[in-house]
file protein19.cif (mmCIF, C-alpha atoms (C1' of nucleotides))
data_final
loop_
_atom_site.label_atom_id
_atom_site.label_comp_id
_atom_site.auth_asym_id
_atom_site.auth_seq_id
_atom_site.Cartn_x
_atom_site.Cartn_y
_atom_site.Cartn_z
CA MET A 72 25.61 -17.06 -17.83
CA THR A 73 25.23 -18.81 -21.16
CA LYS A 74 21.53 -17.99 -21.07
CA ILE A 75 22.25 -14.27 -20.71
CA HIS A 76 24.64 -14.47 -23.64
CA GLU A 77 21.86 -16.07 -25.64
CA ILE A 78 19.58 -13.13 -24.82
CA SER A 79 22.24 -10.70 -26.03
CA ASN A 80 22.58 -12.56 -29.31
CA ILE A 81 18.83 -12.57 -29.89
CA LEU A 82 18.73 -8.81 -29.29
CA LEU A 83 21.64 -8.28 -31.68
CA GLY A 84 19.97 -10.45 -34.31
CA TRP A 85 16.77 -8.44 -33.98
CA TYR A 86 18.80 -5.22 -34.18
CA ARG A 87 20.48 -6.21 -37.43
CA LEU A 88 17.05 -6.57 -39.02
CA HIS A 89 15.23 -3.63 -37.42
CA LYS A 90 17.87 -1.03 -36.56
CA ARG A 91 16.56 2.54 -36.87
CA GLU A 92 18.43 4.81 -39.24
CA LEU A 93 19.30 7.85 -37.13
CA PRO A 94 21.64 10.68 -38.17
CA TRP A 95 23.96 10.32 -35.18
CA ARG A 96 24.47 6.67 -36.05
CA ASP A 97 26.07 7.40 -39.44
CA ASP A 98 29.53 7.59 -37.90
CA ARG A 99 30.87 7.40 -34.36
CA ASP A 100 31.28 11.15 -33.97
CA PRO A 101 31.11 11.80 -30.22
CA TYR A 102 29.84 15.34 -30.81
CA LYS A 103 26.78 14.06 -32.67
CA ILE A 104 26.21 11.26 -30.19
CA TRP A 105 26.53 13.60 -27.21
CA LEU A 106 24.24 16.21 -28.76
CA SER A 107 21.60 13.60 -29.54
CA GLU A 108 21.82 12.10 -26.07
CA ILE A 109 21.31 15.46 -24.36
CA ILE A 110 18.38 16.31 -26.62
CA LEU A 111 16.81 12.89 -26.11
CA GLN A 112 16.94 12.90 -22.30
CA GLN A 113 13.30 12.29 -21.31
CA THR A 114 12.37 13.14 -24.88
CA ARG A 115 11.04 11.02 -27.74
CA VAL A 116 13.06 10.70 -30.93
CA GLN A 117 10.30 12.21 -33.05
CA GLN A 118 10.17 15.27 -30.82
CA GLY A 119 13.94 15.71 -30.63
CA LEU A 120 14.88 15.12 -34.27
CA PRO A 121 14.06 18.65 -35.59
CA TYR A 122 16.08 20.13 -32.73
CA TYR A 123 19.00 17.84 -33.52
CA TRP A 124 19.06 19.05 -37.14
CA ALA A 125 18.74 22.68 -36.08
CA PHE A 126 21.76 22.37 -33.78
CA ILE A 127 23.88 20.45 -36.29
CA HIS A 128 23.02 22.99 -38.96
CA LYS A 129 23.83 26.03 -36.84
CA PHE A 130 26.74 24.47 -34.92
CA PRO A 131 28.46 21.86 -37.14
CA THR A 132 31.27 21.40 -34.63
CA ILE A 133 31.57 21.55 -30.88
CA LYS A 134 33.88 24.56 -31.21
CA ALA A 135 31.16 26.42 -33.10
CA LEU A 136 28.75 25.61 -30.28
CA ALA A 137 31.29 26.68 -27.68
CA SER A 138 31.78 30.08 -29.26
CA ALA A 139 28.04 30.79 -29.55
CA ASP A 140 26.16 33.06 -27.16
CA LEU A 141 24.17 31.23 -24.50
CA ALA A 142 21.13 33.17 -25.72
CA GLU A 143 21.44 31.55 -29.16
CA VAL A 144 21.51 28.13 -27.56
CA TYR A 145 18.42 28.84 -25.43
CA ASN A 146 16.66 30.17 -28.48
CA LEU A 147 17.24 26.96 -30.44
CA TRP A 148 16.15 24.95 -27.43
CA GLN A 149 12.88 26.86 -27.07
CA GLY A 150 9.89 24.52 -26.80
CA LEU A 151 11.88 21.40 -25.92
CA GLY A 152 11.65 21.67 -22.13
CA TYR A 153 14.13 20.98 -19.34
CA TYR A 154 16.04 24.11 -20.22
CA SER A 155 18.93 23.39 -17.87
CA ARG A 156 19.99 20.94 -20.58
CA ALA A 157 20.63 23.89 -22.91
CA ASN A 158 22.72 25.63 -20.29
CA ASN A 159 24.72 22.48 -19.56
CA LEU A 160 25.14 21.77 -23.28
CA HIS A 161 26.81 25.14 -23.70
CA LYS A 162 28.93 24.73 -20.55
CA THR A 163 30.24 21.35 -21.67
CA ALA A 164 30.98 22.63 -25.17
CA LYS A 165 33.07 25.41 -23.67
CA ILE A 166 34.93 23.01 -21.38
CA ILE A 167 35.72 20.63 -24.23
CA ALA A 168 36.80 23.43 -26.54
CA SER A 169 39.06 25.06 -23.98
CA GLN A 170 40.36 22.16 -21.89
CA TYR A 171 40.24 19.24 -24.34
CA ASN A 172 41.08 21.03 -27.60
CA GLY A 173 37.63 20.24 -28.94
CA LEU A 174 37.95 16.47 -28.42
CA PHE A 175 35.74 14.48 -26.03
CA PRO A 176 37.51 12.64 -23.21
CA HIS A 177 37.55 8.90 -23.86
CA SER A 178 36.91 7.65 -20.35
CA TYR A 179 33.65 7.16 -18.45
CA PRO A 180 34.79 9.01 -15.29
CA ASP A 181 35.94 12.03 -17.32
CA LEU A 182 32.69 12.10 -19.29
CA LEU A 183 30.73 11.92 -16.04
CA LYS A 184 32.37 15.10 -14.78
CA LEU A 185 30.94 17.20 -17.62
CA PRO A 186 27.81 19.28 -16.93
CA GLY A 187 24.61 17.58 -18.07
CA ILE A 188 26.30 14.20 -18.48
CA GLY A 189 25.08 11.75 -15.85
CA PRO A 190 25.50 7.98 -15.50
CA TYR A 191 23.30 7.13 -18.48
CA THR A 192 24.71 9.65 -20.95
CA ALA A 193 28.31 8.92 -19.95
CA ALA A 194 27.70 5.22 -20.57
CA ALA A 195 25.97 5.92 -23.88
CA ILE A 196 28.85 8.05 -25.18
CA ALA A 197 31.52 5.73 -23.80
CA SER A 198 29.97 2.72 -25.51
CA MET A 199 28.62 4.21 -28.74
CA ALA A 200 31.53 6.52 -29.55
CA PHE A 201 34.45 4.65 -27.97
CA GLY A 202 33.29 1.03 -27.73
CA LEU A 203 33.70 0.82 -23.95
CA LYS A 204 31.70 -1.75 -22.00
CA TYR A 205 29.26 0.37 -20.00
CA PRO A 206 25.55 -0.52 -19.96
CA ALA A 207 23.44 2.46 -21.03
CA MET A 208 20.73 2.26 -18.41
CA ASP A 209 17.80 4.38 -19.51
CA GLY A 210 14.07 3.83 -19.26
CA ASN A 211 14.21 1.39 -22.17
CA PHE A 212 16.91 -0.66 -20.48
CA PHE A 213 15.05 -0.79 -17.17
CA ARG A 214 11.89 -1.95 -18.90
CA VAL A 215 13.48 -4.72 -20.99
CA VAL A 216 15.83 -5.95 -18.27
CA GLY A 217 13.22 -5.49 -15.54
CA ARG A 218 10.84 -7.77 -17.42
CA LEU A 219 13.41 -10.31 -18.60
CA PHE A 220 14.66 -10.94 -15.05
CA GLU A 221 11.66 -9.79 -12.97
CA VAL A 222 13.81 -7.25 -11.15
CA ASP A 223 12.08 -6.61 -7.82
CA GLU A 224 13.96 -3.40 -7.07
CA GLN A 225 13.15 0.17 -8.08
CA SER A 226 15.47 1.35 -10.82
CA ASN A 227 16.11 4.61 -8.95
CA SER A 228 17.05 3.01 -5.61
CA THR A 229 20.64 2.36 -4.63
CA THR A 230 20.24 -1.41 -4.49
CA GLY A 231 18.18 -1.37 -7.69
CA LYS A 232 20.86 0.49 -9.62
CA LYS A 233 23.51 -2.00 -8.52
CA LEU A 234 21.40 -4.96 -9.54
CA TYR A 235 20.51 -3.49 -12.93
CA HIS A 236 24.13 -2.53 -13.53
CA LYS A 237 25.27 -6.08 -12.81
CA LEU A 238 22.72 -7.47 -15.25
CA GLY A 239 23.81 -4.89 -17.83
CA GLU A 240 27.44 -5.93 -17.50
CA LEU A 241 26.50 -9.58 -17.96
CA LEU A 242 24.53 -8.71 -21.10
CA LEU A 243 27.55 -6.86 -22.52
CA GLU A 244 29.97 -9.75 -21.97
CA GLY A 245 31.52 -10.84 -25.24
CA VAL A 246 29.43 -8.62 -27.50
CA ASP A 247 29.76 -5.21 -29.15
CA SER A 248 28.57 -2.83 -26.44
CA ALA A 249 27.65 -0.05 -28.88
CA ASP A 250 25.38 -2.40 -30.79
CA LEU A 251 23.85 -4.06 -27.76
CA ASN A 252 23.06 -0.82 -25.95
CA GLN A 253 21.33 0.52 -29.06
CA ALA A 254 19.67 -2.83 -29.73
CA ILE A 255 18.02 -2.66 -26.31
CA MET A 256 16.78 0.89 -26.98
CA ASP A 257 15.34 0.08 -30.38
CA PHE A 258 13.84 -3.18 -29.19
CA ALA A 259 12.26 -1.54 -26.16
CA SER A 260 10.89 1.32 -28.18
CA ALA A 261 9.49 -0.84 -30.97
CA ARG A 262 8.59 -4.11 -29.26
CA CYS A 263 8.94 -4.15 -25.48
CA THR A 264 6.71 -1.09 -25.07
CA PRO A 265 5.50 0.37 -21.74
CA THR A 266 1.88 -0.57 -22.40
CA ALA A 267 0.49 -3.44 -24.46
CA PRO A 268 3.74 -5.05 -25.64
CA ASN A 269 3.15 -7.69 -28.29
CA CYS A 270 4.65 -10.55 -26.32
CA ASP A 271 3.12 -13.27 -28.49
CA SER A 272 5.55 -12.61 -31.33
CA CYS A 273 8.50 -11.60 -29.13
CA PRO A 274 11.81 -13.29 -30.00
CA LEU A 275 12.66 -13.37 -26.28
CA ILE A 276 9.42 -15.12 -25.32
CA SER A 277 11.13 -18.16 -23.85
CA HIS A 278 13.69 -16.09 -21.91
CA CYS A 279 11.40 -13.51 -20.35
CA GLN A 280 10.64 -14.34 -16.70
CA ALA A 281 7.84 -11.77 -16.56
CA PHE A 282 6.12 -13.26 -19.61
CA LEU A 283 6.51 -16.80 -18.32
CA ASN A 284 4.99 -15.77 -14.99
CA GLY A 285 2.31 -13.51 -16.46
CA SER A 286 3.73 -10.45 -14.69
CA VAL A 287 4.76 -8.27 -17.63
CA ASN A 288 2.54 -5.43 -16.43
CA LYS A 289 4.23 -5.45 -13.04
CA TYR A 290 7.69 -4.67 -14.46
CA PRO A 291 9.58 -2.45 -14.37
CA LEU A 292 8.48 -1.59 -10.82
CA LYS A 293 6.65 1.72 -10.74
CA THR A 294 8.03 4.53 -8.64
CA ILE A 295 5.66 6.47 -6.42
CA LYS A 296 5.02 9.99 -7.61
CA ASN A 297 3.73 13.05 -5.81
CA PRO A 298 0.22 14.32 -6.52
CA LYS A 299 0.03 17.05 -9.13
CA LYS A 300 -0.22 20.62 -7.92
CA VAL A 301 -2.62 23.16 -9.37
CA GLN A 302 -1.42 26.74 -9.80
CA TYR A 303 -3.03 29.85 -11.16
CA LEU A 304 -0.76 32.02 -13.25
CA TYR A 305 -1.73 35.60 -14.13
CA PHE A 306 0.10 37.40 -16.92
CA PHE A 307 -0.27 41.04 -17.90
CA TYR A 308 0.21 42.80 -21.17
CA THR A 309 -0.42 46.27 -22.53
CA GLU A 310 -1.40 47.53 -25.95
CA ASN A 311 1.76 49.25 -27.11
CA LYS A 312 4.63 47.92 -25.07
CA ILE A 313 6.04 44.48 -24.43
CA TRP A 314 7.50 44.13 -20.98
CA ILE A 315 9.75 41.20 -20.29
CA ARG A 316 11.91 40.07 -17.44
CA HIS A 317 14.75 37.59 -17.11
CA ARG A 318 13.70 34.82 -14.72
CA ASN A 319 16.47 34.42 -12.20
CA LYS A 320 14.79 32.55 -9.37
CA ASN A 321 15.98 28.99 -9.17
CA THR A 322 12.61 27.55 -10.12
CA ILE A 323 10.83 26.46 -13.27
CA TRP A 324 11.88 28.15 -16.51
CA ASN A 325 15.00 29.54 -14.86
CA ASN A 326 16.99 31.86 -17.17
CA LEU A 327 14.15 32.26 -19.67
CA PHE A 328 12.18 35.45 -20.23
CA GLU A 329 8.67 36.16 -19.02
CA PHE A 330 5.94 38.77 -18.99
CA PRO A 331 4.89 40.50 -15.77
CA ASN A 332 2.99 37.92 -13.76
CA PHE A 333 2.21 36.45 -10.41
CA ILE A 334 1.42 32.91 -9.33
CA SER A 335 -1.25 31.95 -6.83
CA SER A 336 -2.22 28.58 -5.44
CA ASP A 337 -5.83 29.80 -5.37
CA PRO A 338 -7.85 31.41 -8.16
CA ILE A 339 -8.41 35.13 -7.81
CA ASP A 340 -11.44 37.17 -8.78
CA ILE A 341 -10.76 38.79 -12.16
CA SER A 342 -14.33 39.96 -12.68
CA ASN A 343 -13.55 43.34 -11.12
CA LYS A 344 -12.28 46.10 -13.32
CA TYR A 345 -9.62 46.89 -10.74
CA LEU A 346 -7.29 44.19 -9.53
CA GLN A 347 -5.16 44.38 -6.44
CA VAL A 348 -2.17 42.10 -6.95
CA LYS A 349 1.29 41.54 -5.59
CA LEU A 350 3.92 41.71 -8.28
CA TYR A 351 7.33 40.78 -6.97
CA GLU A 352 6.54 41.90 -3.46
CA LYS A 353 5.10 45.26 -4.56
CA ASP A 354 1.39 45.94 -4.30
CA LEU A 355 -0.10 47.00 -7.58
CA LEU A 356 -3.57 48.28 -8.39
CA ILE A 357 -4.25 47.26 -11.97
CA GLU A 358 -7.02 48.57 -14.18
CA LEU A 359 -8.11 45.91 -16.63
CA ASP A 360 -8.77 46.65 -20.26
CA GLY A 361 -10.71 43.95 -22.07
CA ASN A 362 -11.50 40.30 -21.35
CA PRO A 363 -8.88 37.87 -20.08
CA HIS A 364 -7.57 35.06 -22.24
CA TYR A 365 -7.34 31.62 -20.71
CA LEU A 366 -4.86 28.79 -21.29
CA LYS A 367 -4.34 25.48 -19.53
CA HIS A 368 -0.84 24.12 -19.43
CA HIS A 369 0.06 20.65 -18.17
CA LEU A 370 3.43 19.87 -16.72
CA THR A 371 4.53 16.61 -15.16
CA HIS A 372 4.03 17.92 -11.64
CA ILE A 373 1.89 21.06 -12.05
CA THR A 374 -1.28 22.00 -13.86
CA PHE A 375 -1.25 25.71 -14.69
CA HIS A 376 -4.43 27.67 -15.20
CA ILE A 377 -3.19 30.70 -17.08
CA TYR A 378 -5.07 33.95 -17.34
CA ILE A 379 -3.74 36.64 -19.64
CA LEU A 380 -5.00 40.04 -18.67
CA LYS A 381 -4.81 43.13 -20.80
CA ILE A 382 -4.29 46.25 -18.72
CA PHE A 383 -4.03 49.96 -19.31
CA SER A 384 -0.55 51.27 -19.82
CA ASN A 385 0.47 54.36 -17.89
CA PHE A 386 3.48 56.00 -16.38
CA ALA A 387 2.97 54.53 -12.93
CA MET A 388 3.25 51.01 -14.26
CA ASP A 389 6.32 51.90 -16.27
CA LYS A 390 7.95 53.06 -13.10
CA LEU A 391 6.85 50.09 -11.05
CA TRP A 392 7.87 47.46 -13.59
CA LYS A 393 11.24 49.03 -14.22
CA THR A 394 11.99 48.87 -10.51
CA ASN A 395 11.07 45.18 -10.61
CA GLY A 396 13.62 44.33 -13.27
CA PHE A 397 11.35 44.36 -16.30
CA PHE A 398 12.33 46.11 -19.49
CA VAL A 399 10.62 46.99 -22.74
CA ILE A 400 11.31 45.30 -26.06
CA ASN A 401 10.08 45.96 -29.55
CA PRO A 402 7.44 43.40 -30.63
CA LYS A 403 9.49 42.46 -33.69
CA ASP A 404 12.44 41.56 -31.47
CA TYR A 405 10.71 39.00 -29.27
CA LYS A 406 12.19 36.12 -31.23
CA ASN A 407 15.59 37.06 -29.90
CA TYR A 408 14.54 35.85 -26.48
CA ALA A 409 13.68 32.40 -25.19
CA PHE A 410 10.30 32.04 -23.50
CA PRO A 411 8.57 29.12 -21.81
CA LYS A 412 5.96 27.34 -23.89
CA PRO A 413 2.79 29.03 -22.52
CA LEU A 414 4.32 32.39 -23.37
CA VAL A 415 5.29 31.29 -26.85
CA ASP A 416 1.63 30.39 -27.38
CA PHE A 417 0.61 33.73 -26.00
CA ILE A 418 3.02 35.72 -28.13
CA THR A 419 1.98 33.85 -31.23
CA ASN A 420 -1.70 34.35 -30.57
CA HIS A 421 -1.78 37.88 -29.25
CA LEU A 422 1.39 39.89 -29.51
CA TYR A 423 2.95 38.93 -32.80
CA HIS A 424 0.28 40.86 -34.66
CA VAL A 425 0.63 43.99 -32.56
"C1'" DA B 798 17.27 10.32 -0.89
"C1'" DA B 799 13.59 12.46 -2.69
"C1'" DA B 800 12.00 16.36 -5.15
"C1'" DT B 801 12.32 19.07 -9.09
"C1'" DC B 802 12.77 20.25 -13.82
"C1'" DG B 803 9.00 20.80 -19.61
"C1'" DT B 804 6.82 19.35 -23.31
"C1'" DG B 805 4.26 16.35 -26.57
"C1'" DG B 806 1.93 12.13 -27.73
"C1'" DC B 807 -0.79 8.40 -26.64
"C1'" DC B 808 -5.09 6.04 -25.12
"C1'" DT C 891 -9.45 13.63 -20.66
"C1'" DG C 892 -6.30 13.16 -17.18
"C1'" DG C 893 -2.58 10.18 -16.24
"C1'" DC C 894 1.31 7.97 -17.96
"C1'" DC C 895 5.62 8.02 -20.12
"C1'" DA C 896 9.76 9.37 -22.91
"C1'" DA C 897 17.74 8.01 -24.92
"C1'" DG C 898 17.85 11.48 -16.93
"C1'" DA C 899 20.51 15.03 -14.35
"C1'" DT C 900 20.94 17.67 -10.45
"C1'" DT C 901 20.78 19.02 -5.69
#
call {"tool": "encode", "arguments": {"input": "protein19.cif", "output": "structure tokens"}}
result
Amino acid sequence: MTKIHEISNILLGWYRLHKRELPWRDDRDPYKIWLSEIILQQTRVQQGLPYYWAFIHKFPTIKALASADLAEVYNLWQGLGYYSRANNLHKTAKIIASQYNGLFPHSYPDLLKLPGIGPYTAAAIASMAFGLKYPAMDGNFFRVVGRLFEVDEQSNSTTGKKLYHKLGELLLEGVDSADLNQAIMDFASARCTPTAPNCDSCPLISHCQAFLNGSVNKYPLKTIKNPKKVQYLYFFYTENKIWIRHRNKNTIWNNLFEFPNFISSDPIDISNKYLQVKLYEKDLLIELDGNPHYLKHHLTHITFHIYILKIFSNFAMDKLWKTNGFFVINPKDYKNYAFPKPLVDFITNHLYHV
DNA sequence: AAATCGTGGCC
DNA sequence: TGGCCAAGATT
């Protein structure tokens, strides 16, 4: 027990010297903390920072965010990934504006009920904004604690979560939970890194079980992941019209906009001038016009081979696409819609100059 | 409980 | 360069 307290004090001492200056740390404004936490879920600070400023600039208060159109929120989120976060951000803003008079609830269970706020984010807000003693258990926490105590449980298993939570509570005993939670994050990100941590100059060298046993690379325990899938994605565009469709299947890029396309698990032959494809369950004979463009897009669980095919525009296609839920937009208006990343690349490279 | 959801950076 | 990982949540 006293040893754990010693670890907390070392982390806090390190934090006082090396704390990162981040805009949501200037005060204890729960709106800023919440916004930053949602943006930073599975996202590095350097990647999220421009988005944080864009949101704060456009929506200085949670009521401003709540009264915005969902489309505006998606548009600001474009390029950040995990777009359900944008949807949940807007939902929670509306709930807090209407049911809580614009003020965040101060309890962990109430925070947990809000869309997009899970166990980690609820603990982060509860501790950083309201000083409550909840361990913020993110990837940083699991890495530092997993190594310090050689935790032989997966962080995503039921027993693992309980064990980590118990260790987190012990670390928070008798210290400022806002500071300690953030100290662990900054320490993990700067010093106790996933690969090649510089253990030789680590202030916790004599307390780290993994270092003492030479097992730093074993912790935190790795979770087994599924093999990556390969998919072939075929997009179509025409010279004078931009067709887009609102994705409403509950799959990747849900609620964003897309160009006419189909996905295949096998490559198809695009060397023919005429292409027989299935577009939303309707057979379509397409006459190609010009060479295809090719992109490769890597996701965590899928590798997309993307072919962009220019086709002739004619009345038959107009009719077919309209019946499949597509509609035409003016090229200069495309920025009003939120597209997945491969399509943003495509628009930038090929359509913006139309 | 395990699968799914994006994108960028790093080596 | 392909795999790993990042302030996880949801179903």
call {"tool": "residues_around", "arguments": {"input": "protein19.cif", "residues": "DT804 (chain B)", "least_positions_apart": "3", "cutoff": "12 Å", "atoms": "only C-alpha atoms (C1' of nucleotides)", "output": "number ranges by chain"}}
result
A: 113-115, 118-119, 148-154, 368-371, 411-413; C: 895-896
call {"tool": "write_last_selection", "arguments": {"input": "protein19.cif", "atoms": "C-alpha atoms (C1' of nucleotides)", "output": "PDB file, keeping the file's coordinate frame"}}
result
ATOM      1  CA  GLN A 113      13.300  12.290 -21.310  1.00  0.00           C
ATOM      2  CA  THR A 114      12.370  13.140 -24.880  1.00  0.00           C
ATOM      3  CA  ARG A 115      11.040  11.020 -27.740  1.00  0.00           C
ATOM      4  CA  GLN A 118      10.170  15.270 -30.820  1.00  0.00           C
ATOM      5  CA  GLY A 119      13.940  15.710 -30.630  1.00  0.00           C
ATOM      6  CA  TRP A 148      16.150  24.950 -27.430  1.00  0.00           C
ATOM      7  CA  GLN A 149      12.880  26.860 -27.070  1.00  0.00           C
ATOM      8  CA  GLY A 150       9.890  24.520 -26.800  1.00  0.00           C
ATOM      9  CA  LEU A 151      11.880  21.400 -25.920  1.00  0.00           C
ATOM     10  CA  GLY A 152      11.650  21.670 -22.130  1.00  0.00           C
ATOM     11  CA  TYR A 153      14.130  20.980 -19.340  1.00  0.00           C
ATOM     12  CA  TYR A 154      16.040  24.110 -20.220  1.00  0.00           C
ATOM     13  CA  HIS A 368      -0.840  24.120 -19.430  1.00  0.00           C
ATOM     14  CA  HIS A 369       0.060  20.650 -18.170  1.00  0.00           C
ATOM     15  CA  LEU A 370       3.430  19.870 -16.720  1.00  0.00           C
ATOM     16  CA  THR A 371       4.530  16.610 -15.160  1.00  0.00           C
ATOM     17  CA  PRO A 411       8.570  29.120 -21.810  1.00  0.00           C
ATOM     18  CA  LYS A 412       5.960  27.340 -23.890  1.00  0.00           C
ATOM     19  CA  PRO A 413       2.790  29.030 -22.520  1.00  0.00           C
TER      20      PRO A 413
ATOM     21  C1'  DC C 895       5.620   8.020 -20.120  1.00  0.00           C
ATOM     22  C1'  DA C 896       9.760   9.370 -22.910  1.00  0.00           C
TER      23       DA C 896
END
call {"tool": "resolve_selection", "arguments": {"input": "protein19.cif", "expression": "the PyMOL selection byres ((chain B) within 9 of (chain A))", "output": "JSON, numbers by chain"}}
result
{"B": [798, 800, 801, 802, 803, 804, 805]}
call {"tool": "interface_residues", "arguments": {"input": "protein19.cif", "of": "chain C", "to": "chain A", "cutoff": "7 Å", "atoms": "only C-alpha atoms (C1' of nucleotides)", "output": "number ranges by chain"}}
result
C: 896-899
call {"tool": "closest_residue", "arguments": {"input": "protein19.cif", "among": "A:Ala267, A:Lys320, A:Lys204, A:Tyr305", "to": "DC808 (chain B)", "atoms": "all atoms listed in the file"}}
result
A:Ala267
call {"tool": "resolve_selection", "arguments": {"input": "protein19.cif", "expression": "the PyMOL selection byres ((chain A and resi 290-295) around 12)", "output": "number ranges by chain"}}
result
A: 209-228, 231, 235, 263-266, 268, 279-282, 284-289, 296-298; B: 799-800; C: 894-895
call {"tool": "residues_around", "arguments": {"input": "protein19.cif", "residues": "region 102-105 of chain A", "least_positions_apart": "3", "cutoff": "10 Å", "atoms": "all atoms listed in the file", "output": "short mmCIF file (atom, residue, chain, number, x, y, z; two decimals) with C-alpha atoms, in the coordinates of the input"}}
result
data_model
loop_
_atom_site.label_atom_id
_atom_site.label_comp_id
_atom_site.auth_asym_id
_atom_site.auth_seq_id
_atom_site.Cartn_x
_atom_site.Cartn_y
_atom_site.Cartn_z
CA PRO A 94 21.64 10.68 -38.17
CA TRP A 95 23.96 10.32 -35.18
CA ARG A 96 24.47 6.67 -36.05
CA ASP A 97 26.07 7.40 -39.44
CA ASP A 98 29.53 7.59 -37.90
CA ARG A 99 30.87 7.40 -34.36
CA GLU A 108 21.82 12.10 -26.07
CA ILE A 109 21.31 15.46 -24.36
CA ILE A 110 18.38 16.31 -26.62
CA LEU A 111 16.81 12.89 -26.11
CA TYR A 123 19.00 17.84 -33.52
CA PHE A 126 21.76 22.37 -33.78
CA ILE A 127 23.88 20.45 -36.29
CA PRO A 131 28.46 21.86 -37.14
CA THR A 132 31.27 21.40 -34.63
CA ILE A 133 31.57 21.55 -30.88
CA LEU A 160 25.14 21.77 -23.28
CA ALA A 164 30.98 22.63 -25.17
CA GLY A 173 37.63 20.24 -28.94
CA LEU A 174 37.95 16.47 -28.42
CA PHE A 175 35.74 14.48 -26.03
CA ILE A 188 26.30 14.20 -18.48
CA THR A 192 24.71 9.65 -20.95
CA ALA A 193 28.31 8.92 -19.95
CA ALA A 195 25.97 5.92 -23.88
CA ILE A 196 28.85 8.05 -25.18
CA ALA A 197 31.52 5.73 -23.80
CA MET A 199 28.62 4.21 -28.74
CA ALA A 200 31.53 6.52 -29.55
#
call {"tool": "axis_aligned_box", "arguments": {"input": "protein19.cif", "around": "region 126-136 of chain A", "padding_each_side": "4 Å", "output": "JSON"}}
result
{"center_x": 27.8, "center_y": 23.4, "center_z": -34.6, "size_x": 20.1, "size_y": 14.0, "size_z": 16.7}
call {"tool": "resolve_selection", "arguments": {"input": "protein19.cif", "expression": "the PyMOL selection byres ((chain A and resi 356) around 6)", "output": "PyMOL selection string"}}
result
chain A and resi 346-347+355+357
call {"tool": "residues_around", "arguments": {"input": "protein19.cif", "residues": "Leu327 (chain A)", "least_positions_apart": "4", "cutoff": "7 Å", "atoms": "all atoms listed in the file", "output": "number ranges by chain"}}
result
A: 317-318, 409-411
call {"tool": "atom_distance", "arguments": {"input": "protein19.cif", "atom1": "CA of Val399 (chain A)", "atom2": "CA of Gly361 (chain A)"}}
result
21.6 Å
call {"tool": "atom_distance", "arguments": {"input": "protein19.cif", "atom1": "CA of Leu380 (chain A)", "atom2": "CA of Ser335 (chain A)"}}
result
14.8 Å
